[in-house]
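Text of entry_19.csv (CSV, C-alpha atoms) as supplied:
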chain,number,residue,atom,x,y,z
T,21,MET,CA,13.1,-2.7,28.7
T,22,SER,CA,10.7,-3.3,25.8
T,23,PHE,CA,10.1,-0.7,23.1
T,24,THR,CA,7.3,1.8,23.7
T,25,PRO,CA,6.3,3.7,20.5
T,26,PRO,CA,6.4,7.5,20.9
T,27,PRO,CA,3.1,9.4,20.4
T,28,TYR,CA,2.3,9.7,16.7
T,29,PRO,CA,3.3,13.3,15.7
T,30,TYR,CA,-0.1,14.4,14.3
T,31,ASP,CA,-2.0,13.0,17.3
T,32,ARG,CA,-0.4,15.9,19.3
T,33,LEU,CA,-2.6,18.3,17.4
T,34,ASP,CA,-5.9,17.1,18.8
T,35,ALA,CA,-6.1,20.0,21.3
T,36,LEU,CA,-5.7,22.5,18.4
T,37,ARG,CA,-8.6,20.8,16.6
T,38,GLU,CA,-10.8,21.1,19.6
T,39,THR,CA,-9.9,24.8,20.0
T,40,ALA,CA,-10.9,25.5,16.4
T,41,LYS,CA,-14.1,23.5,16.8
T,42,GLY,CA,-15.0,25.4,20.0
T,43,VAL,CA,-14.7,28.7,18.3
T,44,PHE,CA,-15.9,28.0,14.7
T,45,GLY,CA,-17.8,24.7,15.0
T,46,SER,CA,-15.2,23.0,12.8
T,47,ALA,CA,-11.6,23.0,11.9
T,48,ILE,CA,-9.9,23.7,8.5
T,49,ASP,CA,-7.1,21.1,8.7
T,50,CYS,CA,-3.9,22.0,6.9
T,51,SER,CA,-1.7,20.0,9.1
T,52,ILE,CA,-1.3,16.8,7.1
T,53,GLY,CA,-0.5,16.6,3.4
T,54,THR,CA,-3.6,14.6,2.4
T,55,PRO,CA,-4.7,15.5,-1.1
T,56,CYS,CA,-8.3,16.8,-1.4
T,57,ASP,CA,-8.6,17.1,-5.1
T,58,PRO,CA,-10.0,14.3,-7.3
T,59,PRO,CA,-7.7,11.8,-8.9
T,60,PRO,CA,-8.0,11.1,-12.7
T,61,ALA,CA,-11.3,9.4,-13.6
T,62,ASP,CA,-9.6,6.7,-15.8
T,63,VAL,CA,-7.4,5.7,-12.9
T,64,VAL,CA,-10.4,5.2,-10.6
T,65,ALA,CA,-12.1,3.3,-13.4
T,66,ALA,CA,-9.1,1.0,-13.7
T,67,LEU,CA,-9.4,0.0,-10.1
T,68,GLY,CA,-12.7,-1.7,-10.7
T,69,THR,CA,-12.1,-3.2,-14.1
T,70,SER,CA,-8.6,-4.9,-13.9
T,71,GLY,CA,-9.9,-8.4,-13.1
T,72,LEU,CA,-6.8,-8.8,-10.8
T,73,GLU,CA,-8.7,-9.2,-7.5
T,74,ARG,CA,-8.4,-13.0,-7.3
T,75,GLY,CA,-4.8,-13.9,-7.6
T,76,TYR,CA,-1.7,-12.8,-5.6
T,77,PRO,CA,0.0,-9.8,-7.1
T,78,THR,CA,3.7,-9.8,-7.8
T,79,SER,CA,5.8,-8.1,-5.1
T,80,ALA,CA,8.0,-6.1,-7.4
T,81,GLY,CA,5.1,-5.0,-9.6
T,82,SER,CA,3.6,-6.3,-12.8
T,83,PRO,CA,5.6,-5.8,-16.1
T,84,GLN,CA,2.9,-3.3,-17.1
T,85,LEU,CA,3.4,-1.3,-13.9
T,86,ARG,CA,7.2,-1.3,-13.9
T,87,THR,CA,7.3,-0.3,-17.6
T,88,ALA,CA,5.0,2.6,-16.9
T,89,MET,CA,7.2,3.7,-14.0
T,90,ALA,CA,10.4,3.4,-16.1
T,91,ASN,CA,8.7,5.3,-18.9
T,92,TYR,CA,7.7,8.0,-16.5
T,93,MET,CA,11.3,8.4,-15.3
T,94,GLU,CA,12.6,8.8,-18.9
T,95,ARG,CA,9.8,11.1,-19.9
T,96,ARG,CA,9.8,13.5,-16.9
T,97,PHE,CA,13.5,13.3,-15.8
T,98,GLY,CA,15.4,12.2,-18.9
T,99,VAL,CA,16.9,9.1,-17.3
T,100,GLU,CA,16.7,5.6,-18.7
T,101,VAL,CA,15.8,2.9,-16.1
T,102,ALA,CA,15.3,-0.7,-17.3
T,103,PRO,CA,12.0,-2.1,-16.0
T,104,ASP,CA,14.0,-4.6,-14.0
T,105,GLY,CA,15.7,-1.7,-12.3
T,106,VAL,CA,12.5,-0.4,-10.7
T,107,ALA,CA,10.2,-2.1,-8.2
T,108,ALA,CA,6.9,-1.2,-6.5
T,109,CYS,CA,6.4,-0.5,-2.8
T,110,VAL,CA,3.2,-0.3,-0.7
T,111,GLY,CA,3.4,3.5,-0.5
T,112,THR,CA,6.7,5.3,0.1
T,113,LYS,CA,6.1,5.8,3.9
T,114,GLU,CA,6.3,2.0,4.3
T,115,PHE,CA,9.5,2.0,2.2
T,116,VAL,CA,11.1,4.8,4.2
T,117,ALA,CA,10.2,3.1,7.5
T,118,SER,CA,11.4,-0.4,6.6
T,119,THR,CA,14.5,0.0,4.3
T,120,ALA,CA,17.0,0.7,7.1
T,121,GLN,CA,16.4,-2.7,8.7
T,122,TYR,CA,16.7,-4.4,5.3
T,123,LEU,CA,19.9,-2.6,4.5
T,124,HIS,CA,21.3,-3.6,7.9
T,125,LEU,CA,20.8,-7.3,7.0
T,126,ARG,CA,22.9,-6.6,3.9
T,127,ASP,CA,25.5,-4.6,5.8
T,128,PRO,CA,25.5,-5.5,9.5
T,129,GLU,CA,28.8,-3.7,10.1
T,130,HIS,CA,27.2,-0.3,9.8
T,131,ASP,CA,24.5,1.0,12.2
T,132,THR,CA,23.8,4.7,11.4
T,133,VAL,CA,21.1,6.3,9.4
T,134,LEU,CA,21.8,9.9,8.3
T,135,PHE,CA,18.9,12.2,7.5
T,136,PRO,CA,18.1,16.0,7.3
T,137,GLU,CA,17.8,17.6,10.7
T,138,ILE,CA,14.5,19.2,9.5
T,139,SER,CA,12.5,16.4,7.8
T,140,TYR,CA,9.7,14.0,7.6
T,141,PRO,CA,9.8,12.1,10.9
T,142,THR,CA,9.8,8.6,9.4
T,143,TYR,CA,13.5,8.7,8.3
T,144,ALA,CA,14.5,8.8,12.0
T,145,MET,CA,11.7,6.4,13.0
T,146,GLY,CA,12.9,3.9,10.4
T,147,ALA,CA,16.3,3.8,12.1
T,148,THR,CA,14.7,3.5,15.5
T,149,LEU,CA,12.4,0.6,14.4
T,150,ALA,CA,15.5,-1.2,13.1
T,151,GLY,CA,17.4,-0.7,16.4
T,152,LEU,CA,19.9,1.6,14.7
T,153,ARG,CA,21.3,5.1,15.3
T,154,ALA,CA,19.4,8.0,13.8
T,155,VAL,CA,21.8,10.9,13.2
T,156,PRO,CA,20.5,14.2,11.9
T,157,VAL,CA,22.6,16.1,9.3
T,158,PRO,CA,22.6,19.9,9.6
T,159,THR,CA,21.0,21.9,6.8
T,160,SER,CA,21.9,25.4,5.5
T,161,ALA,CA,19.5,28.3,5.4
T,162,ASP,CA,18.6,27.4,1.9
T,163,GLY,CA,17.8,23.8,2.9
T,164,ALA,CA,20.9,22.0,1.5
T,165,LEU,CA,22.5,19.3,3.5
T,166,ARG,CA,25.7,20.4,5.1
T,167,LEU,CA,27.5,17.2,4.4
T,168,ASP,CA,30.9,18.6,5.5
T,169,GLU,CA,29.5,18.7,9.0
T,170,ILE,CA,28.9,15.0,9.2
T,171,SER,CA,31.6,13.7,11.6
T,172,ALA,CA,34.2,11.3,10.4
T,173,ALA,CA,32.9,8.8,13.0
T,174,ASP,CA,29.3,9.0,11.8
T,175,ALA,CA,30.3,8.8,8.1
T,176,GLU,CA,32.4,5.6,8.9
T,177,ARG,CA,29.3,4.0,10.6
T,178,ALA,CA,26.8,5.2,8.0
T,179,LEU,CA,24.4,2.6,6.6
T,180,CYS,CA,22.7,5.1,4.4
T,181,LEU,CA,22.0,8.8,3.8
T,182,TRP,CA,18.5,10.0,3.2
T,183,THR,CA,17.9,13.2,1.2
T,184,ASN,CA,14.5,14.8,0.4
T,185,SER,CA,14.2,17.3,-2.4
T,186,PRO,CA,11.9,19.2,-2.6
T,187,SER,CA,11.9,19.0,1.2
T,188,ASN,CA,9.0,18.2,3.4
T,189,PRO,CA,8.5,20.4,5.3
T,190,THR,CA,10.6,23.3,4.1
T,191,GLY,CA,10.1,23.1,0.3
T,192,ALA,CA,13.8,23.7,-0.3
T,193,LEU,CA,15.7,22.0,-3.1
T,194,ASP,CA,18.9,20.1,-2.3
T,195,ASN,CA,21.9,19.5,-4.5
T,196,LEU,CA,21.3,15.8,-5.3
T,197,ALA,CA,24.5,15.4,-7.4
T,198,VAL,CA,26.6,16.5,-4.4
T,199,ALA,CA,24.8,14.1,-2.1
T,200,ALA,CA,25.3,11.2,-4.6
T,201,GLU,CA,29.0,12.1,-4.9
T,202,TRP,CA,29.4,12.2,-1.1
T,203,GLY,CA,27.9,8.7,-0.8
T,204,ARG,CA,29.8,7.1,-3.6
T,205,ALA,CA,33.1,8.4,-2.2
T,206,ARG,CA,32.3,6.6,1.1
T,207,GLN,CA,30.4,3.7,-0.3
T,208,VAL,CA,27.3,4.9,1.6
T,209,PRO,CA,24.0,4.3,-0.3
T,210,VAL,CA,22.1,7.6,-0.8
T,211,LEU,CA,18.3,7.2,-0.8
T,212,SER,CA,16.6,10.2,-2.4
T,213,ASP,CA,13.0,10.7,-1.5
T,214,GLU,CA,11.5,12.5,-4.5
T,215,CYS,CA,7.8,12.2,-3.8
T,216,TYR,CA,7.3,16.0,-4.3
T,217,ALA,CA,9.5,16.2,-7.5
T,218,GLU,CA,6.5,17.2,-9.7
T,219,PHE,CA,5.9,20.2,-7.5
T,220,THR,CA,8.9,22.4,-8.1
T,221,TRP,CA,8.1,26.0,-9.0
T,222,SER,CA,11.2,27.5,-10.6
T,223,LYS,CA,13.0,24.4,-12.0
T,224,PRO,CA,12.1,21.2,-13.8
T,225,PRO,CA,11.7,18.1,-11.7
T,226,GLN,CA,15.0,16.6,-10.5
T,227,THR,CA,16.2,13.1,-9.7
T,228,ILE,CA,19.3,11.8,-8.1
T,229,LEU,CA,19.5,9.2,-10.9
T,230,ALA,CA,20.5,11.9,-13.4
T,231,GLY,CA,24.1,11.5,-12.3
T,232,GLY,CA,24.1,7.7,-12.7
T,233,MET,CA,22.6,4.7,-10.9
T,234,SER,CA,25.6,3.5,-8.8
T,235,GLY,CA,25.1,3.7,-5.1
T,236,VAL,CA,21.8,5.6,-5.2
T,237,LEU,CA,18.0,5.0,-5.1
T,238,ALA,CA,15.2,7.4,-6.1
T,239,VAL,CA,12.0,6.9,-4.3
T,240,HIS,CA,8.7,8.1,-5.9
T,241,SER,CA,5.1,8.1,-4.8
T,242,ILE,CA,1.8,8.2,-6.6
T,243,SER,CA,0.1,9.7,-3.5
T,244,LYS,CA,0.9,13.4,-4.1
T,245,ARG,CA,1.5,13.3,-7.8
T,246,SER,CA,-2.0,11.9,-8.7
T,247,ASN,CA,-4.1,12.5,-5.5
T,248,LEU,CA,-4.0,8.8,-4.8
T,249,ALA,CA,-2.7,8.6,-1.2
T,250,GLY,CA,-5.5,6.1,-0.3
T,251,ILE,CA,-4.4,3.3,-2.6
T,252,ARG,CA,-0.8,3.1,-1.3
T,253,CYS,CA,1.7,2.7,-4.1
T,254,GLY,CA,5.1,4.0,-4.9
T,255,PHE,CA,8.4,2.8,-6.4
T,256,TYR,CA,12.1,2.7,-6.0
T,257,ALA,CA,14.7,2.7,-8.8
T,258,GLY,CA,18.4,3.0,-9.2
T,259,ASP,CA,21.4,0.9,-8.4
T,260,PRO,CA,20.7,-2.6,-9.8
T,261,GLU,CA,22.3,-4.4,-6.9
T,262,LEU,CA,20.4,-2.4,-4.3
T,263,VAL,CA,17.1,-2.8,-6.2
T,264,ALA,CA,17.6,-6.6,-6.6
T,265,PHE,CA,18.4,-7.0,-2.9
T,266,LEU,CA,15.5,-5.0,-1.6
T,267,ARG,CA,13.1,-6.6,-4.1
T,268,GLY,CA,14.1,-10.1,-2.9
T,269,VAL,CA,13.8,-9.2,0.8
T,270,ARG,CA,10.5,-7.5,0.4
T,271,GLN,CA,9.1,-10.5,-1.5
T,272,HIS,CA,9.9,-12.7,1.5
T,273,ALA,CA,8.2,-10.1,3.8
T,274,GLY,CA,5.0,-10.4,1.7
T,275,LEU,CA,5.0,-6.7,0.7
T,276,MET,CA,2.7,-6.5,-2.3
T,277,VAL,CA,0.8,-3.7,-3.9
T,278,PRO,CA,-2.7,-5.1,-4.6
T,279,GLY,CA,-3.3,-6.2,-8.2
T,280,PRO,CA,-6.1,-3.7,-9.0
T,281,VAL,CA,-4.0,-0.9,-7.6
T,282,GLN,CA,-1.0,-1.9,-9.8
T,283,ALA,CA,-3.3,-1.7,-12.9
T,284,ALA,CA,-4.6,1.8,-11.8
T,285,VAL,CA,-1.2,3.2,-11.0
T,286,ALA,CA,0.2,2.1,-14.4
T,287,VAL,CA,-2.6,4.3,-15.9
T,288,ALA,CA,-1.7,7.2,-13.7
T,289,TYR,CA,2.0,7.1,-14.6
T,290,ASP,CA,1.2,7.0,-18.3
T,291,ASP,CA,-0.4,10.4,-18.0
T,292,ASP,CA,1.1,13.8,-17.2
T,293,LEU,CA,-1.7,16.2,-18.1
T,294,HIS,CA,-3.5,15.7,-14.8
T,295,VAL,CA,-0.3,16.6,-12.9
T,296,GLU,CA,0.1,19.8,-14.8
T,297,LYS,CA,-3.4,20.8,-13.9
T,298,GLN,CA,-2.7,20.0,-10.2
T,299,ARG,CA,0.5,22.0,-10.2
T,300,ALA,CA,-1.5,25.1,-11.2
T,301,VAL,CA,-4.0,24.5,-8.4
T,302,TYR,CA,-1.3,24.1,-5.7
T,303,LEU,CA,0.7,27.1,-6.9
T,304,ALA,CA,-2.4,29.4,-6.8
T,305,ARG,CA,-3.2,28.2,-3.3
T,306,LEU,CA,0.3,28.8,-2.1
T,307,ASN,CA,0.3,32.3,-3.5
T,308,LYS,CA,-3.1,33.1,-2.0
T,309,LEU,CA,-2.4,32.0,1.5
T,310,ALA,CA,1.2,33.4,1.6
T,311,LEU,CA,-0.3,36.8,0.7
T,312,ALA,CA,-3.1,36.5,3.3
T,313,LEU,CA,-0.6,35.5,6.1
T,314,THR,CA,1.8,38.3,5.2
T,315,SER,CA,-1.0,40.8,5.2
T,316,ALA,CA,-2.0,39.6,8.7
T,317,GLY,CA,1.5,40.1,10.1
T,318,ILE,CA,2.8,36.6,9.6
T,319,PRO,CA,5.3,36.9,6.7
T,320,ALA,CA,5.2,33.9,4.4
T,321,THR,CA,6.8,33.2,1.0
T,322,VAL,CA,6.2,30.5,-1.6
T,323,PRO,CA,9.0,27.9,-1.4
T,324,GLU,CA,11.0,26.4,-4.2
T,325,GLY,CA,8.9,23.2,-4.2
T,326,THR,CA,6.1,21.2,-2.5
T,327,PHE,CA,2.6,22.4,-1.6
T,328,TYR,CA,3.6,23.5,1.9
T,329,LEU,CA,4.3,26.9,3.3
T,330,TRP,CA,7.2,26.8,5.9
T,331,VAL,CA,6.5,29.9,7.9
T,332,PRO,CA,8.8,31.4,10.5
T,333,VAL,CA,7.3,32.4,13.8
T,334,PRO,CA,7.0,36.2,13.8
T,335,ASP,CA,8.4,38.5,16.4
T,336,GLY,CA,6.2,38.6,19.5
T,337,GLU,CA,5.2,34.9,19.3
T,338,SER,CA,7.1,32.6,21.6
T,339,ASP,CA,7.3,29.4,19.4
T,340,SER,CA,5.5,27.4,16.8
T,341,TRP,CA,3.0,25.9,19.2
T,342,SER,CA,1.9,29.4,20.3
T,343,LEU,CA,1.4,30.5,16.7
T,344,ALA,CA,-0.4,27.3,15.9
T,345,ALA,CA,-2.8,27.8,18.8
T,346,ARG,CA,-3.4,31.4,17.7
T,347,LEU,CA,-4.3,30.4,14.2
T,348,ALA,CA,-6.6,27.7,15.5
T,349,GLU,CA,-8.4,30.2,17.8
T,350,GLN,CA,-8.5,33.1,15.4
T,351,ALA,CA,-8.9,31.5,12.0
T,352,GLY,CA,-10.0,27.9,12.7
T,353,LEU,CA,-6.8,26.8,10.9
T,354,ILE,CA,-4.9,23.7,12.0
T,355,VAL,CA,-1.2,23.8,11.1
T,356,SER,CA,1.8,21.6,12.1
T,357,PRO,CA,4.3,23.1,14.6
T,358,GLY,CA,7.8,22.9,13.2
T,359,ASP,CA,9.3,20.8,15.9
T,360,LEU,CA,7.3,17.8,14.6
T,361,TYR,CA,10.0,17.7,11.9
T,362,GLY,CA,13.0,18.1,14.3
T,363,GLU,CA,14.1,20.4,17.0
T,364,ALA,CA,15.7,22.7,14.5
T,365,GLY,CA,12.2,23.5,13.2
T,366,LYS,CA,10.7,24.8,16.4
T,367,GLN,CA,10.5,28.4,15.2
T,368,PHE,CA,8.4,27.5,12.1
T,369,ILE,CA,5.0,26.1,11.2
T,370,ARG,CA,4.1,24.0,8.2
T,371,ILE,CA,0.9,24.6,6.3
T,372,ALA,CA,-0.3,22.1,3.8
T,373,LEU,CA,-2.4,23.6,0.9
T,374,VAL,CA,-4.6,20.6,0.6
T,375,VAL,CA,-8.0,22.0,1.5
T,376,PRO,CA,-10.7,22.9,-1.1
T,377,ASP,CA,-10.6,26.5,-2.4
T,378,GLU,CA,-13.7,27.5,-0.5
T,379,GLU,CA,-12.2,26.5,2.8
T,380,LEU,CA,-9.0,28.4,1.9
T,381,ASP,CA,-11.0,31.5,1.0
T,382,LEU,CA,-12.7,31.2,4.4
T,383,VAL,CA,-9.3,31.1,6.2
T,384,CYS,CA,-8.1,34.1,4.2
T,385,ASP,CA,-11.2,36.1,5.1
T,386,ARG,CA,-10.7,35.3,8.8
T,387,LEU,CA,-7.1,36.3,8.7
T,388,LYS,CA,-8.1,39.8,7.5
Encoding of this model in structure tokens:
Amino acid sequence: MSFTPPPYPYDRLDALRETAKGVFGSAIDCSIGTPCDPPPADVVAALGTSGLERGYPTSAGSPQLRTAMANYMERRFGVEVAPDGVAACVGTKEFVASTAQYLHLRDPEHDTVLFPEISYPTYAMGATLAGLRAVPVPTSADGALRLDEISAADAERALCLWTNSPSNPTGALDNLAVAAEWGRARQVPVLSDECYAEFTWSKPPQTILAGGMSGVLAVHSISKRSNLAGIRCGFYAGDPELVAFLRGVRQHAGLMVPGPVQAAVAVAYDDDLHVEKQRAVYLARLNKLALALTSAGIPATVPEGTFYLWVPVPDGESDSWSLAARLAEQAGLIVSPGDLYGEAGKQFIRIALVVPDEELDLVCDRLK
């Protein structure tokens, strides 16, 4: 039988949007983590002045872009990555979705992709698209991967292990050093999705590369960091052999970040001030909505990281879809039911604090 793609997760929310529109005339959509705040003006200007529109861009990224990415890793995380040890990707979702199939070409004896049981759906979908096994790893109450619960059989068949810290959707921080140690002991590459690393609230940003490059890759995105989700660019860095292999395969696949985008992203990675300002904006929004929800009888707390609230379904509510429907009807607010991120999330909702402050204020007033 041929493959039939499952429904795209966020398309399942259309009925909630219609409910909100029917009551309030419009919906305030906090279901998807699409940034709403403006990106840096000099980055936008660089898109139109690079002069790189005519020629084909390099697949791994220009020397200017890779140098900016390597400098960023040293400046923000204290790790030294040679420019040749970092390569660009066309947004990290593309990288997450495609890497399993490429690693399977390198290692056809292994067929299992391990990923957190509550997580971004694309880790599992990447395995499915590659015709591989997608095996969720249990997580503890604080969000850490329970690596000791991976069966010996699954560990033996593992092609790679994904970790995501801070976690989408929970905001929890994982112990990246422990994950790296687990992978090295079993010769399983550990792929660390760090696209929310700039948005941790009690600790400095973390990377799996802090413990060395062997057997690990860090994956970073400009989308969340700099409000540039629309230009599609990210990078991966780490184990030189893994980077070189993926760089070569991806070049054959024609995966190239457009030249003007490369020039603009280099400007973005050379600046941290705009990120500090955005951090303050997100933290204020998180605190404001957590207080409003708690006052309305839906207890919510600010997580360790990300700009999401991961809110448990309160007593008296049957499940996350029921709570999501009530918020759409009573506040015009669209949230993501937790089972979009795995069956273990069905008693939670995720709320993305990516709407303008005036819309957030309106939601808080309605919640009263």
Neighbour list for Gly203 (chain T) as a VMD selection string, cut-off 9 Å, all atoms listed in the file, skip fewer than 5 positions in-chain: chain T and resid 180 to 181 198 208 to 210 235 to 236
Region 326-341 of chain T surroundings by all atoms listed in the file, 7 Å radius, close-in-sequence under 5 positions cut, as a ChimeraX atom specification: /T:186,189-191,216,219-220,302,306,318,320,357-358,366-373
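Rounded to one decimal, CA of Leu311 (chain T) and CA of Gln226 (chain T) lie 27.7 Å from each other.
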All residues 12 Å or closer to Ala173 (chain T), all atoms listed in the file, same chain fewer than 2 positions away omitted, as a ChimeraX atom specification: /T:130-132,155,169-171,175-178
Which residue of T:Cys384, T:Pro128, T:Pro376, T:Gln350 approaches Val43 (chain T) most closely, using only C-alpha atoms: T:Gln350
Computed interatomic separation between CA of Arg86 (chain T) and CA of Ala192 (chain T) (Å):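 Spanning CA of Arg86 (chain T) to CA of Ala192 (chain T) is a straight-line distance of 29.2 Å.
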From T:Gly274, T:Gly151, T:Asn188, T:Pro59, residue lying nearest Arg245 (chain T) [only C-alpha atoms]: T:Pro59
For region 143-233 of chain T versus region 88-104 of chain T, which residues have an atom no more than 8 Å away, and what is each residue's nearest atom pair and distance in Å rounded to one decimal, using all atoms listed in the file, chain-then-number order, as a tab-separated table?
residue	atom	partner	partner_atom	distance
T:Pro225	CA	T:Phe97	CA	6.6
T:Gln226	CA	T:Phe97	CA	6.4
T:Thr227	CA	T:Phe97	CA	6.7
T:Leu229	CA	T:Val99	CA	6.9
T:Ala230	CA	T:Val99	CA	6.0
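One finds CA of Asp49 (chain T) at 12.9 Å from CA of Glu349 (chain T).
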Closest of T:Gly231, T:Ser139, T:Arg270, T:Arg252 to Asp213 (chain T) - atom-to-atom distances counting only C-alpha atoms: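 Nearest candidate to Asp213 (chain T) out of T:Gly231, T:Ser139, T:Arg270, T:Arg252: T:Ser139.
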Exercise: residues within 12 Å of coordinate (-0.7, 7.3, -9.3), counting all atoms listed in the file, as number ranges by chain: T: 58-64, 66-67, 85, 88-89, 92, 108, 111, 215, 240-255, 281-292, 294-295
From T:Leu387, T:Ala348, T:Met233, T:Thr54, residue lying nearest Ala35 (chain T) [all atoms listed in the file]: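 Answer, going by the shortest atom-to-atom distance: T:Ala348.
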Spatial neighbours of Ala364 (chain T), max dist 7 Å, only C-alpha atoms, sep filter under 5 positions, as number ranges by chain: T: 137-138, 359
Best match for closeness to Ser212 (chain T) among T:Arg126, T:Thr87, T:Phe115, T:Lys308, counting only C-alpha atoms: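 The answer is T:Phe115, which sits nearest to Ser212 (chain T).
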Contacts of Arg153 (chain T) within 9 Å, only C-alpha atoms, excl. fewer than 4 positions in-chain, as number ranges by chain: T: 131-134, 144, 147-148
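Distances here use all atoms listed in the file; by that measure, the residue among T:Leu353, T:Leu303, T:Ala264, T:Ala161 closest to Leu33 (chain T) is T:Leu353.
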Exercise on region 197-205 of chain T, axis-aligned box with 8 Å per side, report centre and edge lengths in Å to one decimal, as AutoDock Vina command-line options:
--center_x 28.8 --center_y 11.8 --center_z -4.1 --size_x 24.6 --size_y 25.4 --size_z 22.6
Save region 357-371 of chain T from what I just supplied, as a PDB file, in the first residue's frame, atoms limited to N, CA and C atoms.
ATOM      1  N   PRO T 357      -3.847  21.511  21.687  1.00  0.00           N
ATOM      2  CA  PRO T 357      -4.027  20.384  22.605  1.00  0.00           C
ATOM      3  C   PRO T 357      -2.740  19.557  22.675  1.00  0.00           C
ATOM      4  N   GLY T 358      -2.437  19.069  23.872  1.00  0.00           N
ATOM      5  CA  GLY T 358      -1.144  18.441  24.091  1.00  0.00           C
ATOM      6  C   GLY T 358      -0.894  17.158  23.343  1.00  0.00           C
ATOM      7  N   ASP T 359      -1.955  16.454  22.908  1.00  0.00           N
ATOM      8  CA  ASP T 359      -1.690  15.204  22.211  1.00  0.00           C
ATOM      9  C   ASP T 359      -1.142  15.413  20.801  1.00  0.00           C
ATOM     10  N   LEU T 360      -1.086  16.665  20.333  1.00  0.00           N
ATOM     11  CA  LEU T 360      -0.389  16.933  19.077  1.00  0.00           C
ATOM     12  C   LEU T 360       1.102  16.635  19.215  1.00  0.00           C
ATOM     13  N   TYR T 361       1.584  16.561  20.456  1.00  0.00           N
ATOM     14  CA  TYR T 361       3.009  16.353  20.725  1.00  0.00           C
ATOM     15  C   TYR T 361       3.284  14.974  21.323  1.00  0.00           C
ATOM     16  N   GLY T 362       2.310  14.086  21.183  1.00  0.00           N
ATOM     17  CA  GLY T 362       2.453  12.736  21.696  1.00  0.00           C
ATOM     18  C   GLY T 362       1.339  12.382  22.656  1.00  0.00           C
ATOM     19  N   GLU T 363       1.023  11.114  22.716  1.00  0.00           N
ATOM     20  CA  GLU T 363      -0.076  10.644  23.557  1.00  0.00           C
ATOM     21  C   GLU T 363       0.124  11.030  25.020  1.00  0.00           C
ATOM     22  N   ALA T 364       1.375  11.104  25.458  1.00  0.00           N
ATOM     23  CA  ALA T 364       1.653  11.445  26.854  1.00  0.00           C
ATOM     24  C   ALA T 364       1.306  12.887  27.184  1.00  0.00           C
ATOM     25  N   GLY T 365       1.012  13.703  26.159  1.00  0.00           N
ATOM     26  CA  GLY T 365       0.669  15.095  26.410  1.00  0.00           C
ATOM     27  C   GLY T 365      -0.811  15.389  26.411  1.00  0.00           C
ATOM     28  N   LYS T 366      -1.658  14.370  26.415  1.00  0.00           N
ATOM     29  CA  LYS T 366      -3.085  14.588  26.200  1.00  0.00           C
ATOM     30  C   LYS T 366      -3.780  15.334  27.336  1.00  0.00           C
ATOM     31  N   GLN T 367      -3.143  15.451  28.491  1.00  0.00           N
ATOM     32  CA  GLN T 367      -3.744  16.184  29.604  1.00  0.00           C
ATOM     33  C   GLN T 367      -3.113  17.562  29.792  1.00  0.00           C
ATOM     34  N   PHE T 368      -2.563  18.110  28.702  1.00  0.00           N
ATOM     35  CA  PHE T 368      -1.960  19.436  28.727  1.00  0.00           C
ATOM     36  C   PHE T 368      -2.378  20.217  27.486  1.00  0.00           C
ATOM     37  N   ILE T 369      -2.210  21.531  27.547  1.00  0.00           N
ATOM     38  CA  ILE T 369      -2.299  22.368  26.358  1.00  0.00           C
ATOM     39  C   ILE T 369      -1.004  23.175  26.249  1.00  0.00           C
ATOM     40  N   ARG T 370      -0.679  23.557  25.024  1.00  0.00           N
ATOM     41  CA  ARG T 370       0.475  24.435  24.811  1.00  0.00           C
ATOM     42  C   ARG T 370      -0.021  25.771  24.293  1.00  0.00           C
ATOM     43  N   ILE T 371       0.486  26.851  24.875  1.00  0.00           N
ATOM     44  CA  ILE T 371       0.116  28.202  24.460  1.00  0.00           C
ATOM     45  C   ILE T 371       1.389  28.938  24.056  1.00  0.00           C
TER      46      ILE T 371
END
